[in-house]
file input17.cif (mmCIF, C-alpha atoms)
data_work
#
loop_
_atom_site.label_atom_id
_atom_site.label_comp_id
_atom_site.auth_asym_id
_atom_site.auth_seq_id
_atom_site.Cartn_x
_atom_site.Cartn_y
_atom_site.Cartn_z
CA MET A 1 -12.57 -26.78 -3.86
CA ASN A 2 -9.36 -25.42 -2.39
CA SER A 3 -7.38 -22.82 -4.26
CA THR A 4 -3.98 -24.06 -5.27
CA PRO A 5 -1.30 -21.53 -4.28
CA SER A 6 0.62 -20.20 -7.23
CA VAL A 7 3.75 -18.16 -7.65
CA ARG A 8 1.75 -15.16 -8.83
CA ARG A 9 -0.54 -15.38 -5.86
CA TRP A 10 2.38 -15.57 -3.45
CA LEU A 11 4.11 -12.66 -5.22
CA SER A 12 0.93 -10.58 -5.03
CA GLU A 13 0.58 -11.14 -1.32
CA LEU A 14 4.25 -10.40 -0.67
CA LEU A 15 3.90 -7.24 -2.77
CA GLN A 16 1.19 -5.92 -0.47
CA ILE A 17 3.53 -6.07 2.51
CA ALA A 18 6.59 -4.85 0.61
CA TYR A 19 4.61 -2.00 -0.90
CA ALA A 20 3.32 -0.82 2.47
CA ILE A 21 6.85 -0.73 3.84
CA ALA A 22 8.18 0.96 0.69
CA THR A 23 5.53 3.68 0.91
CA ILE A 24 6.41 4.47 4.51
CA LEU A 25 10.12 4.61 3.62
CA MET A 26 9.47 6.89 0.67
CA LEU A 27 7.29 9.23 2.74
CA TRP A 28 10.22 9.49 5.12
CA ALA A 29 12.55 10.14 2.16
CA THR A 30 10.16 12.84 0.92
CA LEU A 31 10.28 14.51 4.31
CA ARG A 32 14.07 14.46 4.18
CA VAL A 33 14.10 15.97 0.70
CA VAL A 34 11.56 18.68 1.54
CA THR A 35 13.21 19.75 4.79
CA GLY A 36 16.74 19.26 3.46
CA SER A 37 17.62 17.51 6.69
CA PRO A 38 18.74 13.90 7.13
CA HIS A 39 16.94 13.81 10.48
CA PRO A 40 13.77 15.85 10.17
CA ILE A 41 12.24 14.52 13.40
CA LEU A 42 14.17 14.08 16.65
CA THR A 43 13.47 13.64 20.33
CA VAL A 44 14.98 15.95 22.92
CA SER A 45 16.94 13.76 25.32
CA SER A 46 18.63 16.25 27.63
CA GLU A 47 17.48 18.96 30.00
CA SER A 48 19.93 21.51 28.65
CA MET A 49 17.27 23.49 26.79
CA GLU A 50 14.71 23.82 29.56
CA PRO A 51 12.31 25.57 29.75
CA THR A 52 12.23 25.86 25.96
CA PHE A 53 12.31 22.10 25.40
CA TYR A 54 11.98 19.26 27.86
CA ARG A 55 13.17 15.69 27.65
CA GLY A 56 10.67 13.79 25.52
CA ASP A 57 9.60 16.67 23.27
CA ILE A 58 9.64 15.97 19.55
CA ILE A 59 11.38 18.61 17.46
CA LEU A 60 10.77 19.20 13.75
CA LEU A 61 13.69 20.44 11.72
CA TRP A 62 14.13 22.60 8.64
CA ASN A 63 17.51 22.71 6.94
CA ARG A 64 16.97 25.02 3.98
CA GLN A 65 17.91 28.21 5.81
CA HIS A 66 21.55 28.77 4.99
CA TYR A 67 22.29 31.69 7.29
CA ILE A 68 21.99 31.08 11.01
CA ASP A 69 20.73 33.96 13.11
CA VAL A 70 21.40 34.50 16.77
CA GLY A 71 18.40 33.07 18.61
CA ASP A 72 17.88 30.17 16.17
CA ILE A 73 18.06 26.69 17.60
CA PRO A 74 20.37 24.55 15.44
CA VAL A 75 20.76 20.81 15.90
CA VAL A 76 24.50 20.19 15.81
CA TRP A 77 25.70 16.68 14.98
CA PHE A 78 29.47 16.32 14.89
CA PRO A 79 30.70 13.45 12.70
CA GLY A 80 31.42 10.37 14.78
CA ARG A 81 29.20 11.38 17.68
CA SER A 82 26.31 9.10 18.48
CA LEU A 83 23.97 11.91 19.52
CA PRO A 84 23.32 15.45 18.32
CA MET A 85 23.16 18.61 20.43
CA VAL A 86 20.12 20.85 20.42
CA HIS A 87 21.18 24.28 21.71
CA ARG A 88 20.67 27.93 20.89
CA ALA A 89 22.97 30.00 18.63
CA ILE A 90 24.25 32.88 20.73
CA LYS A 91 26.93 34.22 18.40
CA VAL A 92 27.40 34.03 14.63
CA ILE A 93 30.54 35.25 12.87
CA HIS A 94 30.90 35.50 9.10
CA GLN A 95 34.48 34.84 8.16
CA ASP A 96 35.71 35.62 4.64
CA GLU A 97 37.67 32.78 3.14
CA GLY A 98 40.38 34.73 1.36
CA GLU A 99 41.85 31.72 -0.48
CA SER A 100 38.73 30.64 -2.43
CA ASP A 101 37.75 32.26 -5.71
CA ASN A 102 34.20 33.15 -4.76
CA SER A 103 34.29 34.97 -1.46
CA THR A 104 31.61 32.95 0.29
CA ALA A 105 31.76 33.93 3.89
CA ARG A 106 32.06 30.99 6.25
CA GLN A 107 29.72 30.97 9.20
CA LEU A 108 31.09 30.28 12.64
CA ILE A 109 28.40 29.61 15.21
CA LEU A 110 28.65 29.51 18.98
CA THR A 111 25.92 27.63 20.82
CA LYS A 112 24.72 27.40 24.40
CA GLY A 113 21.91 25.48 26.03
CA ASP A 114 19.22 27.69 27.55
CA ASN A 115 19.52 25.75 30.79
CA ASN A 116 23.34 25.73 30.87
CA ASP A 117 25.53 28.35 32.55
CA LEU A 118 28.42 27.96 30.12
CA ASP A 119 28.54 28.01 26.34
CA ASP A 120 29.26 24.80 24.45
CA THR A 121 32.95 25.32 23.61
CA SER A 122 33.93 22.55 26.00
CA LEU A 123 31.66 20.16 24.11
CA TYR A 124 33.09 20.86 20.66
CA PRO A 125 35.65 18.37 19.32
CA ASN A 126 39.39 19.05 19.03
CA GLY A 127 39.34 22.24 21.08
CA ARG A 128 37.34 24.08 18.48
CA ALA A 129 35.55 27.28 19.42
CA PHE A 130 32.79 27.31 16.84
CA VAL A 131 30.38 25.12 14.93
CA HIS A 132 30.33 25.14 11.12
CA ARG A 133 27.12 25.29 9.06
CA GLU A 134 27.80 21.85 7.56
CA GLU A 135 27.66 20.29 11.01
CA ILE A 136 24.13 21.58 11.56
CA VAL A 137 21.50 19.10 10.41
CA GLY A 138 18.61 21.52 10.77
CA LEU A 139 17.01 24.34 12.71
CA VAL A 140 14.15 23.65 15.06
CA ARG A 141 11.03 25.09 13.48
CA ALA A 142 8.35 23.42 15.56
CA TYR A 143 8.00 21.06 18.45
CA ILE A 144 5.44 18.67 19.88
CA PRO A 145 5.64 18.31 23.65
CA TYR A 146 5.63 14.90 25.40
CA LEU A 147 5.23 12.83 22.21
CA GLY A 148 8.74 11.44 22.30
CA ARG A 149 8.61 10.21 25.89
CA LEU A 150 7.98 6.60 24.90
CA SER A 151 10.96 6.63 22.54
CA LEU A 152 13.21 7.77 25.40
CA VAL A 153 12.02 4.92 27.58
CA VAL A 154 12.72 2.49 24.75
CA LYS A 155 16.13 4.04 24.15
CA ASP A 156 17.14 3.42 27.75
CA GLN A 157 15.56 -0.02 27.91
CA PRO A 158 15.63 -1.54 24.43
CA TRP A 159 14.11 -4.81 25.61
CA ILE A 160 10.74 -3.05 25.85
CA LEU A 161 10.73 -2.63 22.05
CA TYR A 162 11.51 -6.29 21.44
CA ALA A 163 8.96 -7.42 24.00
CA SER A 164 6.23 -5.22 22.44
CA LEU A 165 7.03 -6.48 18.94
CA ALA A 166 6.90 -10.08 20.17
CA GLY A 167 3.65 -9.32 21.96
CA MET A 168 2.08 -7.76 18.87
CA LEU A 169 3.11 -10.74 16.71
CA ALA A 170 1.64 -13.16 19.24
CA VAL A 171 -1.65 -11.25 19.41
CA GLY A 172 -1.74 -11.02 15.61
CA LYS A 173 -1.33 -14.77 15.32
CA LEU A 174 -4.06 -15.45 17.87
CA LEU A 175 -6.51 -13.16 16.11
CA MET B 1 -17.06 -30.55 -2.31
CA SER B 2 -16.76 -27.99 0.50
CA ALA B 3 -13.66 -26.04 1.38
CA THR B 4 -11.88 -27.37 4.41
CA THR B 5 -11.34 -23.92 5.84
CA LYS B 6 -14.06 -21.97 7.51
CA VAL B 7 -14.50 -18.28 6.87
CA ALA B 8 -15.87 -15.69 9.23
CA VAL B 9 -19.39 -15.36 7.96
CA HIS B 10 -19.70 -11.73 9.04
CA SER B 11 -16.50 -10.63 7.37
CA LEU B 12 -17.39 -9.36 3.92
CA SER B 13 -13.76 -9.37 2.81
CA ASP B 14 -13.36 -13.03 3.81
CA LEU B 15 -16.49 -13.98 1.87
CA LYS B 16 -15.34 -12.06 -1.18
CA ASN B 17 -11.77 -13.37 -1.08
CA THR B 18 -12.88 -16.98 -0.76
CA THR B 19 -15.30 -16.56 -3.66
CA ASP B 20 -12.64 -14.75 -5.71
CA ASP B 21 -10.31 -17.70 -5.12
CA ALA B 22 -12.94 -20.24 -6.11
CA LEU B 23 -13.83 -18.54 -9.38
CA PRO B 24 -10.56 -19.11 -11.28
CA ASN B 25 -10.38 -22.65 -9.90
CA TYR B 26 -13.80 -23.44 -11.33
CA LEU B 27 -12.94 -21.95 -14.71
CA HIS B 28 -9.63 -23.80 -14.79
CA SER B 29 -11.53 -27.03 -14.23
CA LEU B 30 -13.56 -26.20 -17.33
CA LYS B 31 -10.30 -25.91 -19.25
CA PHE B 32 -10.30 -22.14 -19.56
CA LYS B 33 -6.77 -20.92 -20.02
CA GLN B 34 -6.06 -17.86 -17.86
CA ILE B 35 -4.36 -14.81 -19.30
CA HIS B 36 -2.15 -13.27 -16.64
CA THR B 37 -1.03 -10.14 -18.49
CA GLN B 38 -2.79 -7.64 -16.26
CA THR B 39 -1.56 -9.35 -13.12
CA ASP B 40 1.98 -9.43 -14.47
CA VAL B 41 1.97 -5.73 -15.32
CA ARG B 42 0.73 -4.96 -11.82
CA LEU B 43 3.47 -7.06 -10.27
CA VAL B 44 6.15 -5.41 -12.42
CA LEU B 45 4.91 -1.92 -11.52
CA GLY B 46 4.66 -2.74 -7.85
CA TYR B 47 8.01 -4.43 -7.51
CA SER B 48 9.77 -1.68 -9.49
CA ALA B 49 8.50 0.86 -7.00
CA VAL B 50 9.59 -1.37 -4.12
CA ALA B 51 13.00 -1.82 -5.76
CA ILE B 52 13.53 1.94 -6.04
CA SER B 53 12.63 2.38 -2.41
CA GLY B 54 14.87 -0.51 -1.34
CA ALA B 55 17.80 0.72 -3.42
CA LEU B 56 17.52 4.24 -2.01
CA PHE B 57 17.55 3.05 1.57
CA TYR B 58 20.27 0.52 1.00
CA PHE B 59 22.40 3.27 -0.53
CA ASP B 60 21.68 5.53 2.41
CA TRP B 61 22.51 2.81 4.92
CA LYS B 62 25.75 1.94 3.15
CA PHE B 63 27.07 5.33 2.07
CA GLY B 64 25.35 7.85 4.33
CA TRP B 65 23.20 10.90 3.75
CA ASP B 66 25.71 13.09 1.91
CA ALA B 67 26.27 10.53 -0.82
CA THR B 68 22.57 9.70 -1.11
CA LYS B 69 21.28 13.28 -1.06
CA PRO B 70 21.51 13.98 -4.81
CA PHE B 71 19.64 10.74 -5.60
CA THR B 72 16.88 11.15 -3.05
CA ALA B 73 14.74 13.70 -4.86
CA PRO B 74 14.79 11.83 -8.22
CA ALA B 75 14.10 8.53 -6.46
CA VAL B 76 11.15 10.01 -4.59
CA ALA B 77 9.80 11.50 -7.83
CA ALA B 78 10.21 8.20 -9.70
CA TYR B 79 8.54 6.32 -6.87
CA PHE B 80 5.50 8.57 -6.77
CA ILE B 81 5.12 8.48 -10.55
CA LEU B 82 5.25 4.67 -10.45
CA ASN B 83 2.86 4.71 -7.53
CA SER B 84 0.36 6.80 -9.50
CA ILE B 85 0.58 4.48 -12.51
CA PHE B 86 0.28 1.46 -10.21
CA THR B 87 -2.79 2.88 -8.48
CA TYR B 88 -4.32 3.79 -11.83
CA TRP B 89 -3.66 0.28 -13.10
CA ILE B 90 -5.30 -1.37 -10.12
CA TRP B 91 -8.34 0.93 -9.99
CA PHE B 92 -9.13 1.49 -13.65
CA VAL B 93 -7.47 -1.20 -15.73
CA GLU B 94 -7.67 -4.28 -13.51
CA ALA B 95 -10.73 -2.92 -11.75
CA GLY B 96 -11.38 -5.98 -9.63
CA CYS B 97 -10.66 -8.56 -12.32
CA VAL B 98 -10.50 -12.05 -10.85
CA PHE B 99 -10.25 -13.98 -14.09
CA GLU B 100 -9.41 -13.24 -17.67
CA GLY B 101 -9.00 -16.06 -20.11
CA GLU B 102 -10.06 -18.09 -23.05
CA GLY B 103 -11.59 -21.49 -23.52
CA LYS B 104 -13.20 -23.58 -26.22
CA THR B 105 -16.51 -21.84 -25.76
CA GLY B 106 -15.20 -18.28 -25.83
CA LYS B 107 -13.31 -15.48 -24.17
CA ILE B 108 -14.28 -14.25 -20.75
CA ARG B 109 -13.29 -11.58 -18.25
CA ILE B 110 -14.85 -11.44 -14.80
CA ALA B 111 -14.41 -8.57 -12.36
CA SER B 112 -15.93 -8.82 -8.92
CA ARG B 113 -16.85 -6.30 -6.27
CA THR B 114 -18.89 -5.88 -3.15
CA LYS B 115 -20.58 -2.88 -1.63
CA LYS B 116 -19.70 -2.01 1.92
CA HIS B 117 -21.65 -3.95 4.52
CA ILE B 118 -23.87 -5.63 1.91
CA PRO B 119 -23.24 -9.38 1.52
CA ILE B 120 -23.89 -9.53 -2.21
CA TYR B 121 -21.32 -10.62 -4.78
CA TYR B 122 -21.38 -8.49 -7.91
CA CYS B 123 -19.69 -9.56 -11.12
CA ASP B 124 -19.06 -7.58 -14.27
CA VAL B 125 -18.61 -10.15 -17.01
CA THR B 126 -17.30 -9.33 -20.45
CA PHE B 127 -17.43 -12.24 -22.84
CA THR B 128 -17.26 -13.18 -26.50
CA PRO B 129 -18.75 -16.55 -27.36
CA ALA B 130 -16.93 -18.71 -29.88
CA PRO B 131 -16.69 -18.47 -32.89
CA TYR B 132 -15.41 -14.90 -32.54
CA ALA B 133 -16.06 -13.97 -36.14
CA SER B 134 -19.81 -14.25 -35.83
CA ASN B 135 -20.29 -13.10 -32.25
CA PRO B 136 -19.86 -9.64 -30.76
CA GLN B 137 -18.42 -8.89 -27.34
CA GLN B 138 -21.09 -8.70 -24.67
CA LYS B 139 -21.22 -7.33 -21.18
CA LEU B 140 -23.18 -8.73 -18.31
CA ARG B 141 -23.70 -7.60 -14.75
CA ILE B 142 -24.75 -10.37 -12.39
CA ARG B 143 -25.11 -10.57 -8.67
CA ALA B 144 -26.04 -13.03 -5.98
CA PRO B 145 -26.00 -13.00 -2.19
CA PHE B 146 -23.15 -14.91 -0.58
CA THR B 147 -25.73 -17.05 1.18
CA ARG B 148 -26.14 -18.93 -2.08
CA TRP B 149 -22.83 -20.73 -1.70
CA PHE B 150 -21.81 -20.27 1.94
CA THR B 151 -23.34 -22.28 4.76
CA SER B 152 -24.46 -20.37 7.83
CA ASP B 153 -21.38 -21.51 9.72
CA GLY B 154 -19.05 -20.32 7.01
CA TYR B 155 -18.21 -23.24 4.73
CA PHE B 156 -17.97 -22.60 1.03
CA VAL B 157 -19.99 -25.01 -1.07
CA ALA B 158 -18.81 -25.13 -4.66
CA LYS B 159 -21.85 -26.61 -6.41
CA PRO B 160 -24.31 -23.69 -6.06
CA PHE B 161 -21.54 -21.26 -6.97
CA GLN B 162 -20.77 -23.19 -10.14
CA GLN B 163 -24.43 -23.46 -10.96
CA TRP B 164 -24.87 -19.73 -10.57
CA LEU B 165 -21.97 -18.91 -12.86
CA ALA B 166 -22.89 -21.52 -15.44
CA SER B 167 -26.52 -20.45 -15.52
CA GLU B 168 -25.83 -16.73 -15.72
CA VAL B 169 -22.90 -16.58 -18.12
CA PRO B 170 -23.45 -18.19 -21.51
CA VAL B 171 -19.79 -18.89 -22.22
CA VAL B 172 -19.47 -20.78 -18.92
CA GLY B 173 -22.80 -22.48 -19.38
CA THR B 174 -21.82 -23.84 -22.77
CA ALA B 175 -18.63 -25.24 -21.28
CA ASP B 176 -20.43 -26.78 -18.31
CA PRO B 177 -23.97 -27.67 -19.33
CA LYS B 178 -24.52 -29.93 -16.34
CA ASN B 179 -24.47 -26.93 -14.05
CA VAL B 180 -26.93 -24.89 -16.05
CA ILE B 181 -30.22 -24.85 -14.24
CA GLU B 182 -33.29 -22.74 -14.50
CA GLU B 183 -33.60 -20.46 -11.52
CA ILE B 184 -37.02 -19.74 -10.27
CA GLY B 185 -37.35 -17.01 -7.67
CA ARG B 186 -33.91 -17.52 -6.20
CA GLY B 187 -33.00 -13.87 -6.03
CA SER B 188 -30.27 -13.64 -8.65
CA GLU B 189 -30.73 -11.03 -11.33
CA THR B 190 -29.23 -10.46 -14.72
CA GLU B 191 -29.05 -7.07 -16.33
CA ARG B 192 -27.75 -7.07 -19.83
CA ALA B 193 -25.88 -3.96 -20.84
CA VAL B 194 -27.64 -3.96 -24.17
CA ASN B 195 -30.36 -1.52 -25.05
CA VAL B 196 -33.66 -2.45 -23.49
CA SER B 197 -36.37 -0.08 -24.47
CA GLY B 198 -40.10 -0.39 -23.96
CA ASN B 199 -40.54 -2.00 -27.32
CA ASN B 200 -38.12 -4.86 -27.18
CA VAL B 201 -38.52 -5.92 -23.54
CA ILE B 202 -40.45 -9.05 -24.49
CA GLY B 203 -37.86 -9.85 -27.14
CA VAL B 204 -34.98 -9.44 -24.69
CA LEU B 205 -36.78 -11.59 -22.12
CA GLU B 206 -37.15 -14.33 -24.71
CA GLN B 207 -33.47 -13.94 -25.58
CA LEU B 208 -32.49 -14.26 -21.91
CA LYS B 209 -34.57 -17.38 -21.52
CA ALA B 210 -33.03 -18.83 -24.63
CA GLY B 211 -29.56 -17.80 -23.49
CA VAL B 212 -29.85 -19.77 -20.26
CA LYS B 213 -30.47 -23.00 -22.16
CA PRO B 214 -27.85 -22.99 -24.90
CA THR B 215 -28.19 -26.59 -26.00
CA GLY B 216 -31.90 -26.53 -25.41
CA GLY B 217 -31.77 -29.94 -23.79
CA THR B 218 -30.19 -30.44 -20.41
CA SER B 219 -31.94 -28.13 -17.99
CA LYS B 220 -33.29 -29.34 -14.69
CA ARG B 221 -36.23 -27.60 -13.21
CA ARG B 222 -35.53 -26.76 -9.60
CA LYS B 223 -38.27 -26.90 -7.04
CA ALA B 224 -38.26 -23.59 -5.20
#
call {"tool": "encode", "arguments": {"input": "input17.cif", "output": "structure tokens"}}
result
Amino acid sequence: MNSTPSVRRWLSELLQIAYAIATILMLWATLRVVTGSPHPILTVSSESMEPTFYRGDIILLWNRQHYIDVGDIPVVWFPGRSLPMVHRAIKVIHQDEGESDNSTARQLILTKGDNNDLDDTSLYPNGRAFVHREEIVGLVRAYIPYLGRLSLVVKDQPWILYASLAGMLAVGKLL
Amino acid sequence: MSATTKVAVHSLSDLKNTTDDALPNYLHSLKFKQIHTQTDVRLVLGYSAVAISGALFYFDWKFGWDATKPFTAPAVAAYFILNSIFTYWIWFVEAGCVFEGEGKTGKIRIASRTKKHIPIYYCDVTFTPAPYASNPQQKLRIRAPFTRWFTSDGYFVAKPFQQWLASEVPVVGTADPKNVIEEIGRGSETERAVNVSGNNVIGVLEQLKAGVKPTGGTSKRRKA
């Protein structure tokens, strides 16, 4: 007595997979909402913040602190750049915007990597001298050493990801 | 009358899933019409939640974080509310239901479950024999080890499964009298969820015996 497949049955099985994926996505969305950052988890990919952070460390961001203090570590992502910068704020200026009705002071932030000799002005776009608060996607609140190492390897050699996925599918089929 | 696919005999979930699949098939063959309302509600709830999640991420992919930000918190809230209702529906409303339907001999709802690491198939049966006007709704809890209808190498054999269901559940037995047999010492037990006190035990036993043979005619005595 074989069970005849039905639309409902097929929909139920598809739902299990779709629901698992949806839950993971929504947990990620929750993290974004709670931290206020579009990228709450990142991997350090340069050595410019040694010995504070090393390549391969995972950093956890919090973006609900409006005022940046000197000593904070903002993650700066300029629009159009493919990668963000994780450096330390070494100078913060509050500039009154005289034109606007409510005198909200604008923050101008200067950053420098702990392992760099020079500040970051040469890395800012269009000859700018400061970073604006809107360009900061979060402040580093915690970090997990080493955990991101695999993601760096995959970033440099993307074929490893495809090969592992193919491998996992093959093993799944065999089992 | 065996299934062509083999199941892993030591996998409890495989045993349960195969049996859960066979149950509606058997009842369909007895012309029971299945009511899919609970399944449909579950699918609607589940796919709505998936749709919200998909829409949110599509929006984010297309328009970026700044445009999506004001919608993210409401979407997350809506998703988790739907998720709670969905979970509640599965755990407490559907509660393991594998078949709900109606046939000429009555209404029936069967929910199945297994206990971890124990290869016994438990069914909670709620049924109302026809005619509904003169019969109340009854509940039944039956169980049998999977060894009754699985061979030792993992093939499902339909006949003993049908016999078990037909013999234990009156509504099924009336619809399929050929499969109603008297069980002697085969290890299946029936507990009726009616009051059984010290006084009426004999009466209930007589009722159970009478219930197994509804037409009073076609019952084959099985040699143990």
call {"tool": "resolve_selection", "arguments": {"input": "input17.cif", "expression": "the PyMOL selection byres ((chain B) within 8 of (chain A))", "output": "list of chain:residue names"}}
result
B:Met1, B:Ser2, B:Ala3, B:Thr4, B:Asp21, B:Ala22, B:Asn25, B:Thr39, B:Leu43, B:Gly46, B:Tyr47, B:Ala49, B:Val50, B:Ser53, B:Gly54, B:Phe57, B:Trp65, B:Lys69, B:Thr72, B:Ala73, B:Val76, B:Tyr79, B:Ala158
call {"tool": "closest_atom_pairs", "arguments": {"input": "input17.cif", "of": "range 52-75 of chain A", "to": "range 149-162 of chain A", "cutoff": "10 Å", "atoms": "only C-alpha atoms", "output": "JSON lines"}}
result
{"residue": "A:Tyr54", "atom": "CA", "partner": "A:Arg149", "partner_atom": "CA", "distance": 9.9}
{"residue": "A:Arg55", "atom": "CA", "partner": "A:Arg149", "partner_atom": "CA", "distance": 7.3}
{"residue": "A:Gly56", "atom": "CA", "partner": "A:Arg149", "partner_atom": "CA", "distance": 4.1}
{"residue": "A:Asp57", "atom": "CA", "partner": "A:Arg149", "partner_atom": "CA", "distance": 7.0}
{"residue": "A:Ile58", "atom": "CA", "partner": "A:Arg149", "partner_atom": "CA", "distance": 8.6}
call {"tool": "residues_near_point", "arguments": {"input": "input17.cif", "point": "(30.0, 21.3, 10.5)", "cutoff": "10 Å", "atoms": "all atoms listed in the file", "output": "list in words"}}
result
Val76, Trp77, Phe78, Pro79, Gln107, Leu108, Ile109, Phe130, Val131, His132, Arg133, Glu134, Glu135, Ile136 and Val137 of chain A
call {"tool": "resolve_selection", "arguments": {"input": "input17.cif", "expression": "the PyMOL selection byres ((chain B and resi 173) around 10)", "output": "JSON, numbers by chain"}}
result
{"B": [105, 162, 163, 164, 165, 166, 167, 168, 169, 170, 171, 172, 174, 175, 176, 177, 178, 179, 180, 181, 211, 212, 213, 214, 215]}
call {"tool": "atom_distance", "arguments": {"input": "input17.cif", "atom1": "CA of Asp153 in chain B", "atom2": "CA of Leu15 in chain B"}}
result
11.9 Å
call {"tool": "residues_around", "arguments": {"input": "input17.cif", "residues": "Arg64 in chain A", "least_positions_apart": "2", "cutoff": "7 Å", "atoms": "all atoms listed in the file", "output": "NGL selection string"}}
result
:A and (35-36 or 62 or 66)
call {"tool": "residues_around", "arguments": {"input": "input17.cif", "residues": "Lys91 in chain A", "least_positions_apart": "6", "cutoff": "8 Å", "atoms": "all atoms listed in the file", "output": "list of chain:residue names"}}
result
A:Val70, A:Ile109, A:Leu110, A:Thr111
call {"tool": "closest_residue", "arguments": {"input": "input17.cif", "among": "B:Thr19, B:Ile85, B:Ala51, B:Ser13", "to": "Tyr155 in chain B", "atoms": "all atoms listed in the file"}}
result
B:Thr19
call {"tool": "atom_distance", "arguments": {"input": "input17.cif", "atom1": "CA of Phe86 in chain B", "atom2": "CA of Phe99 in chain B"}}
result
19.1 Å
call {"tool": "residues_around", "arguments": {"input": "input17.cif", "residues": "Ala130 in chain B", "least_positions_apart": "6", "cutoff": "8 Å", "atoms": "all atoms listed in the file", "output": "PyMOL selection string"}}
result
chain B and resi 104-107
